[in-house]
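To be precise, the following lines are target_17.csv, and they hold CSV, C-alpha atoms and all ligand atoms.
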```csv
chain,number,residue,atom,x,y,z
A,1,MET,CA,4.6,2.5,27.2
A,2,THR,CA,5.1,4.2,23.8
A,3,GLU,CA,3.3,7.4,23.1
A,4,ALA,CA,1.5,7.7,19.8
A,5,PRO,CA,3.2,10.4,17.7
A,6,THR,CA,1.5,13.8,17.2
A,7,PRO,CA,-0.1,14.1,13.8
A,8,PRO,CA,1.1,16.9,11.5
A,9,ALA,CA,-1.5,19.6,10.6
A,10,GLU,CA,-1.9,18.3,7.0
A,11,ALA,CA,-3.0,14.8,8.2
A,12,GLU,CA,-6.3,16.3,9.3
A,13,ASP,CA,-6.7,18.1,6.0
A,14,VAL,CA,-5.9,14.9,4.0
A,15,PHE,CA,-8.2,12.5,6.0
A,16,GLY,CA,-11.0,14.9,6.9
A,17,VAL,CA,-13.9,12.9,8.4
A,18,GLU,CA,-11.7,9.7,8.4
A,19,PHE,CA,-9.1,11.4,10.6
A,20,GLU,CA,-10.3,9.7,13.8
A,21,THR,CA,-10.2,6.2,12.2
A,22,VAL,CA,-6.7,6.7,10.8
A,23,SER,CA,-5.5,8.0,14.2
A,24,ARG,CA,-6.8,4.7,15.7
A,25,TYR,CA,-4.7,2.8,13.1
A,26,VAL,CA,-1.6,4.8,14.1
A,27,ASP,CA,-2.3,3.9,17.7
A,28,ILE,CA,-2.5,0.2,16.8
A,29,LEU,CA,0.8,0.4,14.9
A,30,ALA,CA,2.5,2.3,17.8
A,31,THR,CA,1.3,-0.3,20.4
A,32,ARG,CA,0.4,-3.8,19.1
A,33,GLY,CA,2.5,-3.3,15.9
A,34,LEU,CA,5.6,-2.5,18.0
A,35,GLU,CA,4.9,-5.3,20.5
A,36,TRP,CA,4.5,-7.8,17.7
A,37,GLY,CA,7.7,-6.6,16.1
A,38,LEU,CA,6.0,-5.3,12.9
A,39,ILE,CA,7.2,-1.8,13.5
A,40,GLY,CA,10.7,-0.9,14.7
A,41,PRO,CA,10.9,1.4,17.7
A,42,ARG,CA,12.5,4.1,15.6
A,43,GLU,CA,9.6,4.0,13.1
A,44,VAL,CA,7.1,5.1,15.7
A,45,GLU,CA,7.9,8.8,15.6
A,46,ARG,CA,7.9,8.7,11.8
A,47,LEU,CA,4.5,6.9,11.4
A,48,TRP,CA,2.5,9.9,10.2
A,49,GLU,CA,4.9,11.5,7.7
A,50,HIS,CA,6.9,8.5,6.5
A,51,HIS,CA,4.2,5.8,6.5
A,52,ILE,CA,0.6,7.2,6.6
A,53,LEU,CA,1.0,10.2,4.4
A,54,ASN,CA,3.5,8.4,2.1
A,55,SER,CA,0.9,5.6,1.7
A,56,VAL,CA,-1.9,7.9,0.5
A,57,ALA,CA,0.2,10.0,-1.8
A,58,LEU,CA,-1.0,7.8,-4.7
A,59,VAL,CA,-4.7,8.1,-3.9
A,60,ASP,CA,-5.7,10.3,-6.8
A,61,LEU,CA,-4.3,7.7,-9.3
A,62,ILE,CA,-7.1,5.3,-8.3
A,63,ALA,CA,-10.4,5.6,-10.0
A,64,ASN,CA,-13.7,5.7,-8.0
A,65,GLY,CA,-15.1,2.3,-7.0
A,66,SER,CA,-11.9,0.3,-8.0
A,67,SER,CA,-11.1,-3.2,-6.7
A,68,VAL,CA,-7.6,-2.9,-5.2
A,69,ALA,CA,-5.0,-5.5,-4.2
A,70,ASP,CA,-2.2,-4.4,-1.9
A,71,VAL,CA,0.6,-7.0,-2.4
A,72,GLY,CA,3.1,-7.5,0.4
A,73,ILE,CA,1.4,-5.3,2.9
A,74,GLY,CA,3.3,-6.1,6.1
A,75,ALA,CA,1.7,-4.1,8.9
A,76,GLY,CA,-0.9,-2.6,6.6
A,77,LEU,CA,0.9,-0.1,4.3
A,78,PRO,CA,-0.3,1.4,2.0
A,79,GLY,CA,-3.6,-0.6,1.9
A,80,ILE,CA,-5.1,0.3,5.3
A,81,PRO,CA,-4.7,4.1,5.1
A,82,LEU,CA,-6.0,4.0,1.5
A,83,ALA,CA,-9.0,2.0,2.5
A,84,ILE,CA,-9.7,4.4,5.4
A,85,LEU,CA,-9.4,7.4,3.1
A,86,ARG,CA,-11.4,5.9,0.3
A,87,PRO,CA,-14.6,4.1,1.4
A,88,ASP,CA,-15.5,3.6,-2.3
A,89,LEU,CA,-12.7,1.0,-2.7
A,90,ARG,CA,-12.8,-2.7,-2.1
A,91,VAL,CA,-9.3,-3.7,-0.9
A,92,ASP,CA,-7.6,-7.1,-0.6
A,93,LEU,CA,-4.5,-7.1,1.7
A,94,ILE,CA,-2.2,-9.8,0.3
A,95,GLU,CA,0.4,-11.1,2.8
A,96,PRO,CA,1.8,-14.6,3.1
A,97,LEU,CA,3.2,-14.5,6.7
A,98,LEU,CA,0.9,-15.8,9.5
A,99,ARG,CA,2.0,-13.3,12.1
A,100,ARG,CA,1.4,-10.3,9.8
A,101,SER,CA,-1.9,-11.6,8.4
A,102,ASN,CA,-3.1,-12.1,12.0
A,103,PHE,CA,-2.1,-8.6,12.9
A,104,LEU,CA,-3.9,-7.3,9.8
A,105,THR,CA,-7.1,-9.2,10.5
A,106,GLN,CA,-7.3,-7.9,14.0
A,107,ALA,CA,-6.5,-4.3,12.8
A,108,VAL,CA,-9.2,-4.4,10.1
A,109,ASP,CA,-11.8,-5.7,12.7
A,110,ASP,CA,-10.8,-3.1,15.3
A,111,LEU,CA,-11.1,-0.3,12.7
A,112,GLY,CA,-14.6,-1.4,11.6
A,113,ILE,CA,-13.6,-1.7,7.9
A,114,SER,CA,-14.0,-5.5,7.4
A,115,SER,CA,-17.0,-5.1,5.1
A,116,ARG,CA,-14.8,-3.8,2.3
A,117,VAL,CA,-11.3,-4.9,3.3
A,118,THR,CA,-10.2,-8.6,3.2
A,119,VAL,CA,-7.0,-10.1,4.4
A,120,ARG,CA,-5.7,-12.9,2.1
A,121,ARG,CA,-2.9,-15.0,3.5
A,122,VAL,CA,-1.2,-16.0,0.3
A,123,ARG,CA,1.8,-15.4,-1.9
A,124,ALA,CA,1.0,-13.1,-4.7
A,125,GLU,CA,2.2,-15.6,-7.3
A,126,ASP,CA,-0.2,-18.2,-5.9
A,127,LEU,CA,-3.3,-16.0,-6.0
A,128,ARG,CA,-5.8,-16.4,-8.8
A,129,ALA,CA,-7.8,-13.1,-8.9
A,130,SER,CA,-7.8,-9.9,-10.8
A,131,TYR,CA,-8.1,-6.3,-9.8
A,132,ASP,CA,-8.5,-2.9,-11.3
A,133,VAL,CA,-5.5,-1.7,-9.3
A,134,VAL,CA,-2.6,-3.5,-7.8
A,135,VAL,CA,-0.6,-1.4,-5.3
A,136,CYS,CA,2.6,-2.2,-3.5
A,137,ARG,CA,5.3,-0.4,-1.4
A,138,ALA,CA,8.8,-1.6,-0.6
A,139,LEU,CA,7.9,-5.0,-2.1
A,140,ALA,CA,10.8,-6.0,-4.4
A,141,PRO,CA,12.9,-4.9,-7.3
A,142,LEU,CA,10.8,-4.1,-10.4
A,143,PRO,CA,11.4,-7.4,-12.3
A,144,ARG,CA,10.3,-9.5,-9.4
A,145,LEU,CA,7.4,-7.1,-8.6
A,146,VAL,CA,6.2,-7.5,-12.2
A,147,GLN,CA,6.5,-11.3,-12.0
A,148,TRP,CA,4.3,-11.3,-8.8
A,149,CYS,CA,1.8,-8.6,-9.7
A,150,ALA,CA,1.2,-8.7,-13.5
A,151,SER,CA,-1.2,-11.6,-13.5
A,152,LEU,CA,-3.3,-9.9,-10.8
A,153,ARG,CA,-4.0,-6.9,-13.0
A,154,SER,CA,-7.4,-7.0,-14.9
A,155,ARG,CA,-7.3,-6.5,-18.7
A,156,ASP,CA,-7.3,-2.7,-18.3
A,157,GLY,CA,-5.9,-2.7,-14.8
A,158,ILE,CA,-2.8,-0.9,-13.5
A,159,ILE,CA,0.0,-1.5,-11.1
A,160,LEU,CA,1.1,1.4,-8.8
A,161,ALA,CA,4.4,0.7,-7.1
A,162,LEU,CA,5.6,3.2,-4.4
A,163,LYS,CA,9.3,3.4,-5.1
A,164,GLY,CA,12.4,5.3,-4.0
A,165,ARG,CA,14.5,7.8,-6.0
A,166,SER,CA,16.0,5.0,-8.2
A,167,ALA,CA,12.6,4.4,-9.9
A,168,ALA,CA,13.5,5.8,-13.3
A,169,ASP,CA,16.7,3.7,-13.4
A,170,GLU,CA,14.7,0.6,-12.4
A,171,VAL,CA,12.3,1.2,-15.2
A,172,ALA,CA,15.1,1.7,-17.7
A,173,ALA,CA,16.8,-1.5,-16.6
A,174,ALA,CA,13.5,-3.5,-16.9
A,175,ALA,CA,12.6,-2.2,-20.4
A,176,THR,CA,12.9,-5.6,-22.1
A,177,LEU,CA,10.8,-7.4,-19.5
A,178,LEU,CA,8.1,-4.6,-19.6
A,179,ALA,CA,7.9,-4.8,-23.4
A,180,ARG,CA,7.5,-8.6,-23.2
A,181,GLN,CA,4.7,-8.2,-20.7
A,182,HIS,CA,3.1,-5.4,-22.9
A,183,LEU,CA,3.4,-3.0,-20.0
A,184,ARG,CA,4.0,0.8,-20.4
A,185,ALA,CA,5.7,2.5,-17.4
A,186,SER,CA,5.4,6.1,-16.2
A,187,VAL,CA,7.4,7.5,-13.3
A,188,LEU,CA,5.2,10.0,-11.4
A,189,THR,CA,5.9,12.3,-8.5
A,190,VAL,CA,3.0,12.6,-6.1
A,191,ARG,CA,2.3,14.0,-2.6
A,192,ALA,CA,-0.5,13.5,-0.1
A,193,HIS,CA,-0.7,17.2,0.6
A,194,PRO,CA,1.0,20.3,-1.0
A,195,SER,CA,3.2,20.6,2.0
A,196,SER,CA,4.1,16.8,2.2
A,197,GLU,CA,7.3,15.2,1.0
A,198,PRO,CA,7.1,14.1,-2.6
A,199,THR,CA,7.0,10.3,-3.3
A,200,THR,CA,7.8,8.4,-6.5
A,201,VAL,CA,5.3,6.0,-8.0
A,202,VAL,CA,5.8,3.7,-11.0
A,203,ARG,CA,2.6,3.3,-12.9
A,204,LEU,CA,2.4,0.2,-15.1
A,205,GLY,CA,-0.5,-0.2,-17.5
A,206,SER,CA,-1.1,-2.0,-20.8
A,207,ASP,CA,0.8,-0.7,-23.8
A,208,ARG,CA,-2.2,-1.7,-26.0
A,209,ALA,CA,-5.1,0.6,-26.5
A,210,SER,CA,-8.3,-0.9,-25.0
B,1,LIG,C1,9.5,-4.8,3.1
B,1,LIG,S1,7.9,-5.4,3.5
B,1,LIG,C2,6.9,-4.0,3.0
B,1,LIG,C3,5.6,-4.0,3.8
B,1,LIG,C4,4.7,-2.8,3.5
B,1,LIG,N1,4.3,-2.8,2.2
B,1,LIG,C5,5.4,-1.5,3.9
B,1,LIG,O1,5.6,-0.6,3.0
B,1,LIG,O2,5.7,-1.2,5.1
B,1,LIG,C6,7.5,-6.6,2.2
B,1,LIG,C7,6.4,-7.5,2.5
B,1,LIG,O3,6.1,-8.4,1.4
B,1,LIG,C8,5.7,-9.6,1.8
B,1,LIG,N2,6.0,-10.6,0.7
B,1,LIG,C9,7.2,-11.2,0.5
B,1,LIG,N3,7.1,-12.0,-0.6
B,1,LIG,C10,5.8,-12.0,-1.0
B,1,LIG,C11,5.0,-12.6,-2.0
B,1,LIG,N4,5.6,-13.5,-2.8
B,1,LIG,N5,3.7,-12.3,-2.1
B,1,LIG,C12,3.1,-11.4,-1.3
B,1,LIG,N6,3.8,-10.7,-0.3
B,1,LIG,C13,5.1,-11.0,-0.2
B,1,LIG,C14,6.6,-9.8,3.1
B,1,LIG,O4,6.1,-10.9,3.9
B,1,LIG,C15,6.6,-8.4,3.7
B,1,LIG,O5,5.5,-8.3,4.6
```
Go ahead and express the file in the form of structure tokens.
Ligand SMILES: C[S@@+](CC[C@H](N)C(=O)[O-])C[C@H]1O[C@@H](n2cnc3c(N)ncnc32)[C@H](O)[C@@H]1O
Amino acid sequence: MTEAPTPPAEAEDVFGVEFETVSRYVDILATRGLEWGLIGPREVERLWEHHILNSVALVDLIANGSSVADVGIGAGLPGIPLAILRPDLRVDLIEPLLRRSNFLTQAVDDLGISSRVTVRRVRAEDLRASYDVVVCRALAPLPRLVQWCASLRSRDGIILALKGRSAADEVAAAATLLARQHLRASVLTVRAHPSSEPTTVVRLGSDRAS
């Protein structure tokens, strides 16, 4: 039986009254997530720092009351920790694979967040909906990510893509595509807590004043 990892001190600061709920999600990932093959055995000890705190590093970039789509959510990252931390958000979890969407539906029910979090088993490019904020993490290289996510953005909406250190190079390489889509990119460094590891986010919004 796998032991759930010990949370770092900053996790309690970041999640406050929602700490108990996010701890239950970590337990679900470390047990059912592992059994179902959604989390690798070596990921279990890195769940808090590498997955949970990394997921919520972009939280301050999302306006109060936003509708949010998380595209390609896998086992629930970043959308589930974000929805737990921010009860003001309505969050759709977009994931085409049956096994993963079944896992997500069960997790959302177990965590008691189903009134504001919906699992949608669909490929992003087949979804007809629009959101204030589209988030994604480890989804695809920037050109494909834009192809999948741009139409899900409302007129003044934004895309927030959690990316690795090559983010600035990816943005530079995609300059022509971004201009064609009327998207302006900023590369931001964010962290969940002053003592957390920094994370890079590519923020894409309209290049036209609204
Ligand atoms: C590498 S995983 C990342 C999962 C999660 N975001 C994370 O950070 O752990 C990419 C996910 O994108 C999903 N995916 C692939 N193509 C997709 C598409 N066209 N639309 C939506 N999701 C897609 C895959 O099924 C997979 O769950």
Please provide as a PyMOL selection string all residues within 8 Å of region 84-95 of chain A, with the sequence filter that same-chain residues fewer than 6 positions apart are discarded (counting only C-alpha atoms).
chain A and resi 15+18+21-22+56+64-74+76+101+113+116-124
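The smallest atom-to-atom distance between ligand LIG 1 (chain B) and any of A:Pro96, A:Gly164, A:Gly16, A:Pro141, using all atoms listed in the file, is found for A:Pro96.
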Leu34 (chain A): which residues within 12 Å, counting only C-alpha atoms, same-chain residues fewer than 2 positions away excluded, as a ChimeraX atom specification?
/A:1-4,26-32,36-45,47,75,103
Requested write-out: C-alpha atoms of the selected residues, as a compact mmCIF listing (two decimals), keeping the file's coordinate frame:
```txt
# COMPACT_ATOMS: atom_id res chain seq x y z
CA MET A 1 4.60 2.50 27.20
CA THR A 2 5.10 4.20 23.80
CA GLU A 3 3.30 7.40 23.10
CA ALA A 4 1.50 7.70 19.80
CA VAL A 26 -1.60 4.80 14.10
CA ASP A 27 -2.30 3.90 17.70
CA ILE A 28 -2.50 0.20 16.80
CA LEU A 29 0.80 0.40 14.90
CA ALA A 30 2.50 2.30 17.80
CA THR A 31 1.30 -0.30 20.40
CA ARG A 32 0.40 -3.80 19.10
CA TRP A 36 4.50 -7.80 17.70
CA GLY A 37 7.70 -6.60 16.10
CA LEU A 38 6.00 -5.30 12.90
CA ILE A 39 7.20 -1.80 13.50
CA GLY A 40 10.70 -0.90 14.70
CA PRO A 41 10.90 1.40 17.70
CA ARG A 42 12.50 4.10 15.60
CA GLU A 43 9.60 4.00 13.10
CA VAL A 44 7.10 5.10 15.70
CA GLU A 45 7.90 8.80 15.60
CA LEU A 47 4.50 6.90 11.40
CA ALA A 75 1.70 -4.10 8.90
CA PHE A 103 -2.10 -8.60 12.90
```
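Considering the residues A:Leu61, A:Gln147, A:Pro7, A:Asp110 and counting all atoms listed in the file, ligand LIG 1 (chain B) has its shortest atom-to-atom contact with A:Gln147.
Take the candidates A:His193, A:Arg180, A:His51, A:Arg128 and check each one against ligand LIG 1 (chain B) using all atoms listed in the file; the shortest distance goes to A:His51.
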Of the residues A:Ser23, A:Thr189, A:Ala140, A:Arg46, which is the one nearest to ligand LIG 1 (chain B), using only C-alpha atoms and all ligand atoms?
A:Ala140
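Using all atoms listed in the file for every distance, the candidate list A:Ala129, A:Pro143, A:Ser195, A:Arg208 yields A:Pro143 as the residue closest to Thr176 (chain A).
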